[in-house]
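Asks: The file below is protein-v6.cif, mmCIF, C-alpha atoms:
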```
data_structure
#
loop_
_atom_site.label_atom_id
_atom_site.label_comp_id
_atom_site.auth_asym_id
_atom_site.auth_seq_id
_atom_site.Cartn_x
_atom_site.Cartn_y
_atom_site.Cartn_z
CA MET A 1 -27.14 157.92 126.08
CA ALA A 2 -26.57 161.37 124.57
CA TRP A 3 -24.69 161.77 121.30
CA ASP A 4 -22.29 164.56 120.38
CA PRO A 5 -22.76 165.51 116.72
CA GLY A 6 -19.62 167.66 116.77
CA THR A 7 -17.39 164.76 117.77
CA TYR A 8 -19.07 162.48 115.25
CA LEU A 9 -18.67 164.97 112.40
CA SER A 10 -15.00 165.63 113.14
CA PHE A 11 -14.42 162.71 110.75
CA GLU A 12 -17.26 163.57 108.39
CA ALA A 13 -15.46 162.65 105.18
CA GLU A 14 -14.47 159.20 106.46
CA ARG A 15 -17.96 158.53 107.83
CA THR A 16 -19.75 159.74 104.68
CA ARG A 17 -17.62 157.95 102.09
CA PRO A 18 -19.13 154.50 102.82
CA ALA A 19 -22.62 156.00 102.49
CA ALA A 20 -21.75 157.32 99.04
CA GLU A 21 -20.34 153.96 97.97
CA LEU A 22 -23.44 152.18 99.24
CA LEU A 23 -25.74 154.64 97.49
CA ALA A 24 -23.94 154.05 94.19
CA ARG A 25 -25.30 150.48 94.19
CA VAL A 26 -28.94 151.53 94.69
CA PRO A 27 -30.57 151.38 91.22
CA ASN A 28 -33.91 153.12 91.85
CA GLU A 29 -34.23 156.04 89.45
CA SER A 30 -37.05 158.21 90.77
CA PRO A 31 -38.42 156.95 94.07
CA PRO A 32 -41.17 159.15 95.52
CA TYR A 33 -40.22 158.49 99.15
CA VAL A 34 -36.79 157.61 100.56
CA VAL A 35 -35.92 157.01 104.23
CA ASP A 36 -32.55 157.30 105.96
CA LEU A 37 -32.72 155.18 109.13
CA GLY A 38 -30.27 156.28 111.81
CA CYS A 39 -29.64 159.49 109.91
CA GLY A 40 -27.48 161.05 112.64
CA PRO A 41 -26.56 164.67 111.86
CA GLY A 42 -27.75 164.34 108.26
CA ASN A 43 -24.46 163.75 106.43
CA SER A 44 -25.77 160.63 104.68
CA THR A 45 -29.23 162.13 104.20
CA ALA A 46 -27.64 164.93 102.19
CA LEU A 47 -26.47 162.35 99.65
CA LEU A 48 -30.01 161.01 99.25
CA ALA A 49 -31.46 164.49 98.80
CA ALA A 50 -28.88 165.26 96.11
CA ARG A 51 -29.43 161.95 94.31
CA TRP A 52 -33.22 162.28 94.22
CA PRO A 53 -34.15 166.00 94.22
CA GLN A 54 -37.83 165.28 93.50
CA ALA A 55 -38.29 162.67 96.23
CA ARG A 56 -39.62 163.12 99.71
CA ILE A 57 -36.60 162.42 101.93
CA GLU A 58 -37.03 161.53 105.58
CA GLY A 59 -34.27 161.17 108.17
CA VAL A 60 -35.08 159.05 111.21
CA ASP A 61 -32.99 158.93 114.38
CA SER A 62 -33.53 158.26 118.08
CA SER A 63 -31.12 160.99 119.23
CA PRO A 64 -32.60 164.47 119.78
CA ASP A 65 -29.09 165.98 119.65
CA MET A 66 -28.35 164.41 116.28
CA LEU A 67 -31.70 165.57 114.91
CA THR A 68 -31.08 169.11 116.13
CA GLU A 69 -27.83 169.10 114.15
CA ALA A 70 -29.61 167.60 111.14
CA ARG A 71 -32.37 170.22 111.20
CA GLY A 72 -29.74 172.95 111.19
CA SER A 73 -27.78 171.41 108.33
CA GLY A 74 -29.92 172.87 105.55
CA VAL A 75 -30.46 169.42 104.03
CA ARG A 76 -33.81 169.16 102.25
CA ALA A 77 -35.51 166.48 104.36
CA ASP A 78 -38.15 165.80 106.97
CA TRP A 79 -36.68 164.76 110.32
CA SER A 80 -38.36 162.30 112.69
CA GLU A 81 -37.39 161.04 116.14
CA ALA A 82 -38.08 157.32 116.37
CA ASP A 83 -36.56 154.00 117.32
CA ILE A 84 -35.66 152.05 114.18
CA VAL A 85 -36.97 148.80 115.67
CA SER A 86 -40.49 150.15 116.10
CA TRP A 87 -40.48 152.76 113.31
CA THR A 88 -43.45 152.68 110.95
CA PRO A 89 -43.37 154.78 107.75
CA PRO A 90 -46.23 157.18 106.99
CA GLN A 91 -46.28 155.89 103.40
CA THR A 92 -44.64 153.10 101.44
CA PRO A 93 -40.92 153.84 100.97
CA GLU A 94 -39.27 152.73 97.76
CA VAL A 95 -35.79 152.98 99.30
CA ILE A 96 -34.80 152.30 102.91
CA PHE A 97 -31.20 153.37 103.46
CA SER A 98 -29.04 153.11 106.58
CA ASN A 99 -25.43 154.15 107.09
CA ALA A 100 -23.72 152.71 110.20
CA ALA A 101 -26.76 152.39 112.46
CA PHE A 102 -27.88 148.76 112.56
CA GLN A 103 -24.82 147.68 114.59
CA TRP A 104 -26.50 149.34 117.60
CA LEU A 105 -29.59 147.15 117.21
CA GLY A 106 -30.14 143.51 118.08
CA GLU A 107 -32.18 140.78 116.42
CA HIS A 108 -31.32 141.46 112.81
CA GLU A 109 -33.10 138.20 112.03
CA ARG A 110 -36.35 140.01 112.82
CA LEU A 111 -35.44 143.58 111.89
CA LEU A 112 -34.40 143.01 108.28
CA PRO A 113 -37.43 140.93 107.18
CA ARG A 114 -39.68 143.56 108.76
CA LEU A 115 -37.98 146.34 106.82
CA MET A 116 -38.17 144.33 103.60
CA SER A 117 -41.90 143.84 104.14
CA LEU A 118 -42.37 147.62 104.11
CA LEU A 119 -41.02 147.93 100.56
CA PRO A 120 -42.99 147.60 97.34
CA LYS A 121 -41.93 145.23 94.57
CA GLY A 122 -38.75 146.72 93.13
CA GLY A 123 -37.96 148.55 96.36
CA THR A 124 -34.49 148.52 97.88
CA LEU A 125 -33.09 148.01 101.37
CA ALA A 126 -29.48 149.24 101.52
CA PHE A 127 -27.37 149.33 104.67
CA GLN A 128 -23.77 149.53 105.77
CA VAL A 129 -22.33 148.55 109.15
CA PRO A 130 -18.81 148.57 110.59
CA ARG A 131 -17.31 145.13 111.06
CA ASN A 132 -14.09 145.88 112.91
CA PHE A 133 -15.15 145.02 116.46
CA ASP A 134 -12.32 142.52 116.92
CA ASP A 135 -9.72 145.19 116.11
CA PRO A 136 -7.74 146.93 118.92
CA SER A 137 -9.86 150.09 118.68
CA HIS A 138 -12.74 148.10 120.16
CA THR A 139 -11.13 145.21 122.03
CA LEU A 140 -9.21 147.75 124.12
CA ILE A 141 -12.48 149.38 125.18
CA ARG A 142 -13.61 146.07 126.64
CA GLU A 143 -10.21 145.41 128.23
CA VAL A 144 -10.02 148.79 129.95
CA ALA A 145 -13.65 148.52 131.05
CA GLY A 146 -12.87 145.28 132.86
CA ASP A 147 -9.51 146.26 134.33
CA GLY A 148 -10.11 149.30 136.53
CA PRO A 149 -12.08 150.31 139.62
CA TRP A 150 -15.01 151.12 137.29
CA ALA A 151 -15.37 147.46 136.25
CA ALA A 152 -18.51 146.84 138.32
CA LYS A 153 -20.26 149.88 136.84
CA LEU A 154 -19.36 148.88 133.30
CA ARG A 155 -20.05 145.17 133.62
CA ASN A 156 -23.50 145.43 132.09
CA ILE A 157 -22.62 147.95 129.40
CA ARG A 158 -22.96 146.43 126.01
CA SER A 159 -19.51 145.20 125.03
CA SER A 160 -20.32 143.70 121.65
CA TRP A 161 -22.11 144.98 118.58
CA SER A 162 -24.81 143.28 116.56
CA VAL A 163 -23.10 142.63 113.26
CA LEU A 164 -23.34 139.24 111.61
CA ALA A 165 -21.26 137.50 108.96
CA PRO A 166 -22.05 138.20 105.29
CA GLU A 167 -23.35 134.65 104.87
CA ASP A 168 -25.79 135.19 107.73
CA TYR A 169 -27.22 138.33 106.13
CA PHE A 170 -27.69 136.48 102.87
CA SER A 171 -29.57 133.70 104.66
CA ILE A 172 -31.80 136.20 106.50
CA LEU A 173 -32.65 138.17 103.36
CA GLU A 174 -32.82 135.40 100.76
CA PRO A 175 -36.50 134.45 101.42
CA HIS A 176 -37.53 138.10 101.12
CA ALA A 177 -35.40 139.44 98.26
CA ALA A 178 -35.33 138.96 94.51
CA ARG A 179 -31.64 139.84 94.44
CA ILE A 180 -28.95 140.51 97.04
CA ASP A 181 -25.58 142.22 96.75
CA ILE A 182 -23.16 141.86 99.69
CA TRP A 183 -19.57 143.00 99.90
CA GLN A 184 -16.92 144.09 102.40
CA THR A 185 -14.32 146.83 102.17
CA ARG A 186 -11.33 147.31 104.43
CA TYR A 187 -10.44 150.97 104.29
CA MET A 188 -6.98 152.14 105.22
CA GLN A 189 -8.13 155.36 106.84
CA VAL A 190 -5.44 158.03 107.14
CA LEU A 191 -6.25 160.23 110.12
CA ASP A 192 -4.57 163.49 111.10
CA GLY A 193 -3.38 164.78 114.44
CA PRO A 194 -2.72 163.32 117.89
CA ASP A 195 -5.00 160.71 119.50
CA ALA A 196 -6.78 160.19 116.19
CA VAL A 197 -8.27 156.77 116.89
CA TYR A 198 -9.25 157.84 120.39
CA ARG A 199 -11.07 160.84 118.92
CA TRP A 200 -12.80 158.53 116.43
CA THR A 201 -14.09 156.07 119.03
CA SER A 202 -15.09 158.96 121.32
CA GLY A 203 -17.86 159.65 118.84
CA THR A 204 -19.09 156.05 118.68
CA GLY A 205 -18.00 152.94 120.59
CA LEU A 206 -16.64 154.67 123.69
CA ARG A 207 -19.81 156.63 124.37
CA PRO A 208 -21.89 154.00 126.22
CA PHE A 209 -18.98 153.36 128.59
CA SER A 210 -18.01 156.96 129.29
CA ALA A 211 -21.66 157.94 129.76
CA ALA A 212 -22.02 155.38 132.57
CA LEU A 213 -19.28 156.93 134.72
CA ALA A 214 -19.09 159.99 136.95
CA ASP A 215 -16.66 162.73 135.98
CA ASP A 216 -13.54 161.59 137.88
CA GLU A 217 -13.90 157.95 136.92
CA ARG A 218 -14.73 158.88 133.34
CA GLU A 219 -11.53 160.88 132.98
CA ALA A 220 -9.42 158.06 134.40
CA PHE A 221 -11.12 155.47 132.20
CA LEU A 222 -10.68 157.55 129.07
CA CYS A 223 -7.06 158.36 129.92
CA GLU A 224 -6.23 154.67 130.27
CA TYR A 225 -7.95 153.81 127.00
CA ARG A 226 -6.27 156.73 125.22
CA GLN A 227 -2.82 155.52 126.28
CA ARG A 228 -3.44 151.95 125.20
CA VAL A 229 -5.04 152.76 121.87
CA ALA A 230 -2.20 155.19 121.04
CA LYS A 231 0.26 152.29 121.32
CA ALA A 232 -1.92 150.12 119.08
CA TYR A 233 -2.18 152.85 116.43
CA PRO A 234 1.04 154.90 116.61
CA VAL A 235 1.37 158.31 115.00
CA ARG A 236 3.77 158.28 112.08
CA ALA A 237 6.57 160.84 111.68
CA SER A 238 4.33 162.64 109.19
CA GLY A 239 1.68 163.17 111.88
CA LYS A 240 -0.65 160.65 110.20
CA THR A 241 -2.23 157.63 111.87
CA LEU A 242 -3.26 154.59 109.84
CA PHE A 243 -6.59 153.19 111.02
CA PRO A 244 -7.66 150.04 109.14
CA PHE A 245 -11.45 149.84 109.15
CA ARG A 246 -13.62 147.06 107.72
CA ARG A 247 -17.21 147.73 106.68
CA LEU A 248 -19.96 145.43 105.43
CA PHE A 249 -22.41 146.55 102.72
CA VAL A 250 -25.77 144.96 101.84
CA VAL A 251 -28.21 145.91 99.08
CA ALA A 252 -31.37 143.83 98.78
CA TRP A 253 -34.01 144.31 96.10
CA ARG A 254 -37.53 143.11 96.73
#
```
When written as structure tokens, how does the structure in this file appear?
Replies:
Amino acid sequence: MAWDPGTYLSFEAERTRPAAELLARVPNESPPYVVDLGCGPGNSTALLAARWPQARIEGVDSSPDMLTEARGSGVRADWSEADIVSWTPPQTPEVIFSNAAFQWLGEHERLLPRLMSLLPKGGTLAFQVPRNFDDPSHTLIREVAGDGPWAAKLRNIRSSWSVLAPEDYFSILEPHAARIDIWQTRYMQVLDGPDAVYRWTSGTGLRPFSAALADDEREAFLCEYRQRVAKAYPVRASGKTLFPFRRLFVVAWR
């Protein structure tokens, strides 16, 4: 599945704010090597480069399009194309950071202990994932996918995301971490313009479904979803749309 960095970055401030709030809880003062897993177009990597100007910063992503955008961003970092699940660092990272990427990956019970094992004593694993998949923005994707003539083509498209409960993450990480910090934030995002939530999901959750359809069917599918999600998140008289959005944050120190 191809990614569109332009669509993703149309909400850059809203997508970067959680990364900044996660980074604020990382205590490492002068790590020599820091990795941003699922770096996307480099918006979160830029925060790491600014925080640790002397460190080697590496952004890792599986999307060539996202990495092309990242390489053109001017952010001081090395960029590597790799799958997070099989990624192996060239040296020991003191900080492994990830902003809104792990929800696309399964088997967190195996992934997180493996990442912790790559850290030295005193190293930090910090990640943030959305946890709003039972909200209308996402339930309507699944409803529309199952309702139309495209249902057979979309039957096997992933319709759920791999995000666990906070208690589950604590249980997974507890045997591997000296200390764990877990919290959730429900942002009341204020978005501008028409079809705001549709434009948001077009850069993330809608993409696997739209990518599986031919042009005519894709347009019909997206039109139906756009209409339904507009009713769920109406535009206010001011032109603003309120988009509640829950995110889960985890910082684990080895």
Asks: With all atoms listed in the file as the counted atoms, please give the residues lying no more than 12 Å from Thr124 (chain A), apart from itself and same-chain residues fewer than 4 positions off, as an NGL selection string.
Replies: :A and (22-23 or 25-29 or 31 or 33-35 or 92-98 or 112 or 115-120 or 173 or 176-181 or 250-254)
Asks: Output C-alpha atoms for every residue in the selection just made, as a compact mmCIF listing (two decimals), keeping the file's coordinate frame.
Replies:
```txt
# COMPACT_ATOMS: atom_id res chain seq x y z
CA LEU A 22 -23.44 152.18 99.24
CA LEU A 23 -25.74 154.64 97.49
CA ARG A 25 -25.30 150.48 94.19
CA VAL A 26 -28.94 151.53 94.69
CA PRO A 27 -30.57 151.38 91.22
CA ASN A 28 -33.91 153.12 91.85
CA GLU A 29 -34.23 156.04 89.45
CA PRO A 31 -38.42 156.95 94.07
CA TYR A 33 -40.22 158.49 99.15
CA VAL A 34 -36.79 157.61 100.56
CA VAL A 35 -35.92 157.01 104.23
CA THR A 92 -44.64 153.10 101.44
CA PRO A 93 -40.92 153.84 100.97
CA GLU A 94 -39.27 152.73 97.76
CA VAL A 95 -35.79 152.98 99.30
CA ILE A 96 -34.80 152.30 102.91
CA PHE A 97 -31.20 153.37 103.46
CA SER A 98 -29.04 153.11 106.58
CA LEU A 112 -34.40 143.01 108.28
CA LEU A 115 -37.98 146.34 106.82
CA MET A 116 -38.17 144.33 103.60
CA SER A 117 -41.90 143.84 104.14
CA LEU A 118 -42.37 147.62 104.11
CA LEU A 119 -41.02 147.93 100.56
CA PRO A 120 -42.99 147.60 97.34
CA LEU A 173 -32.65 138.17 103.36
CA HIS A 176 -37.53 138.10 101.12
CA ALA A 177 -35.40 139.44 98.26
CA ALA A 178 -35.33 138.96 94.51
CA ARG A 179 -31.64 139.84 94.44
CA ILE A 180 -28.95 140.51 97.04
CA ASP A 181 -25.58 142.22 96.75
CA VAL A 250 -25.77 144.96 101.84
CA VAL A 251 -28.21 145.91 99.08
CA ALA A 252 -31.37 143.83 98.78
CA TRP A 253 -34.01 144.31 96.10
CA ARG A 254 -37.53 143.11 96.73
```
Asks: Calculated over all atoms listed in the file, which of the candidates A:Arg207, A:Arg56, A:His108, A:Arg199 has the smallest distance to Phe127 (chain A)?
Replies: A:His108
Asks: Check the smallest atom-to-atom distance from each of A:Tyr198, A:Trp183, A:Phe102, A:Phe170 to Pro136 (chain A) using all atoms listed in the file, then report the winner.
Replies: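 Ranking A:Tyr198, A:Trp183, A:Phe102, A:Phe170 by distance to Pro136 (chain A), first place goes to A:Tyr198.
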Asks: What's the 12 Å shell around Gly146 (chain A), counting only C-alpha atoms, without same-chain residues fewer than 2 positions away, as a PyMOL selection string?
Replies: chain A and resi 139-144+148-157+159+209+221+224-225
Asks: Could you dump the residues just selected with C-alpha atoms as a PDB file, in the frame of the given file?
Replies:
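Below is the file that was written, part14.pdb:
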```
ATOM      1  CA  THR A 139     -11.130 145.210 122.030  1.00  0.00           C
ATOM      2  CA  LEU A 140      -9.210 147.750 124.120  1.00  0.00           C
ATOM      3  CA  ILE A 141     -12.480 149.380 125.180  1.00  0.00           C
ATOM      4  CA  ARG A 142     -13.610 146.070 126.640  1.00  0.00           C
ATOM      5  CA  GLU A 143     -10.210 145.410 128.230  1.00  0.00           C
ATOM      6  CA  VAL A 144     -10.020 148.790 129.950  1.00  0.00           C
ATOM      7  CA  GLY A 148     -10.110 149.300 136.530  1.00  0.00           C
ATOM      8  CA  PRO A 149     -12.080 150.310 139.620  1.00  0.00           C
ATOM      9  CA  TRP A 150     -15.010 151.120 137.290  1.00  0.00           C
ATOM     10  CA  ALA A 151     -15.370 147.460 136.250  1.00  0.00           C
ATOM     11  CA  ALA A 152     -18.510 146.840 138.320  1.00  0.00           C
ATOM     12  CA  LYS A 153     -20.260 149.880 136.840  1.00  0.00           C
ATOM     13  CA  LEU A 154     -19.360 148.880 133.300  1.00  0.00           C
ATOM     14  CA  ARG A 155     -20.050 145.170 133.620  1.00  0.00           C
ATOM     15  CA  ASN A 156     -23.500 145.430 132.090  1.00  0.00           C
ATOM     16  CA  ILE A 157     -22.620 147.950 129.400  1.00  0.00           C
ATOM     17  CA  SER A 159     -19.510 145.200 125.030  1.00  0.00           C
ATOM     18  CA  PHE A 209     -18.980 153.360 128.590  1.00  0.00           C
ATOM     19  CA  PHE A 221     -11.120 155.470 132.200  1.00  0.00           C
ATOM     20  CA  GLU A 224      -6.230 154.670 130.270  1.00  0.00           C
ATOM     21  CA  TYR A 225      -7.950 153.810 127.000  1.00  0.00           C
TER      22      TYR A 225
END
```
Asks: Pull out every residue that the PyMOL selection byres ((chain A and resi 233) around 10) matches in the shown coordinates and put them as a list in words.
Replies: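 For this structure, the PyMOL selection byres ((chain A and resi 233) around 10) resolves to Pro136, Ser137, Asp195, Ala196, Val197, Tyr198, Arg228, Val229, Ala230, Lys231, Ala232, Pro234, Val235, Arg236, Thr241, Leu242, Phe243 and Pro244 of chain A.
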Asks: One decimal, in Å: what's the spacing between CA of Ser44 (chain A) and CA of Asp78 (chain A)?
Replies: 13.6 Å
Asks: For Pro41 (chain A), find every residue with an atom within 7 Å (counting only C-alpha atoms), except residues of its own chain fewer than 2 positions away, and show them as a PyMOL selection string.
Replies: chain A and resi 5+39+43+66-67+69-70
Asks: Go through A:Ala145, A:Ile57, A:Ala46, A:Ala77 and flag the residue nearest Thr16 (chain A), using only C-alpha atoms for the distances.
Replies: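 Looking at the shortest contact to Thr16 (chain A), the residue is A:Ala46.
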Asks: Using CA of Ser162 (chain A) and CA of Val129 (chain A) as the two end points, give the distance in Å to one decimal.
Replies: 9.4 Å
Asks: May I ask for the distance between CA of Lys240 (chain A) and CA of Ala13 (chain A), given in Å to one decimal place?
Replies: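 Those two atoms sit 15.8 Å apart.
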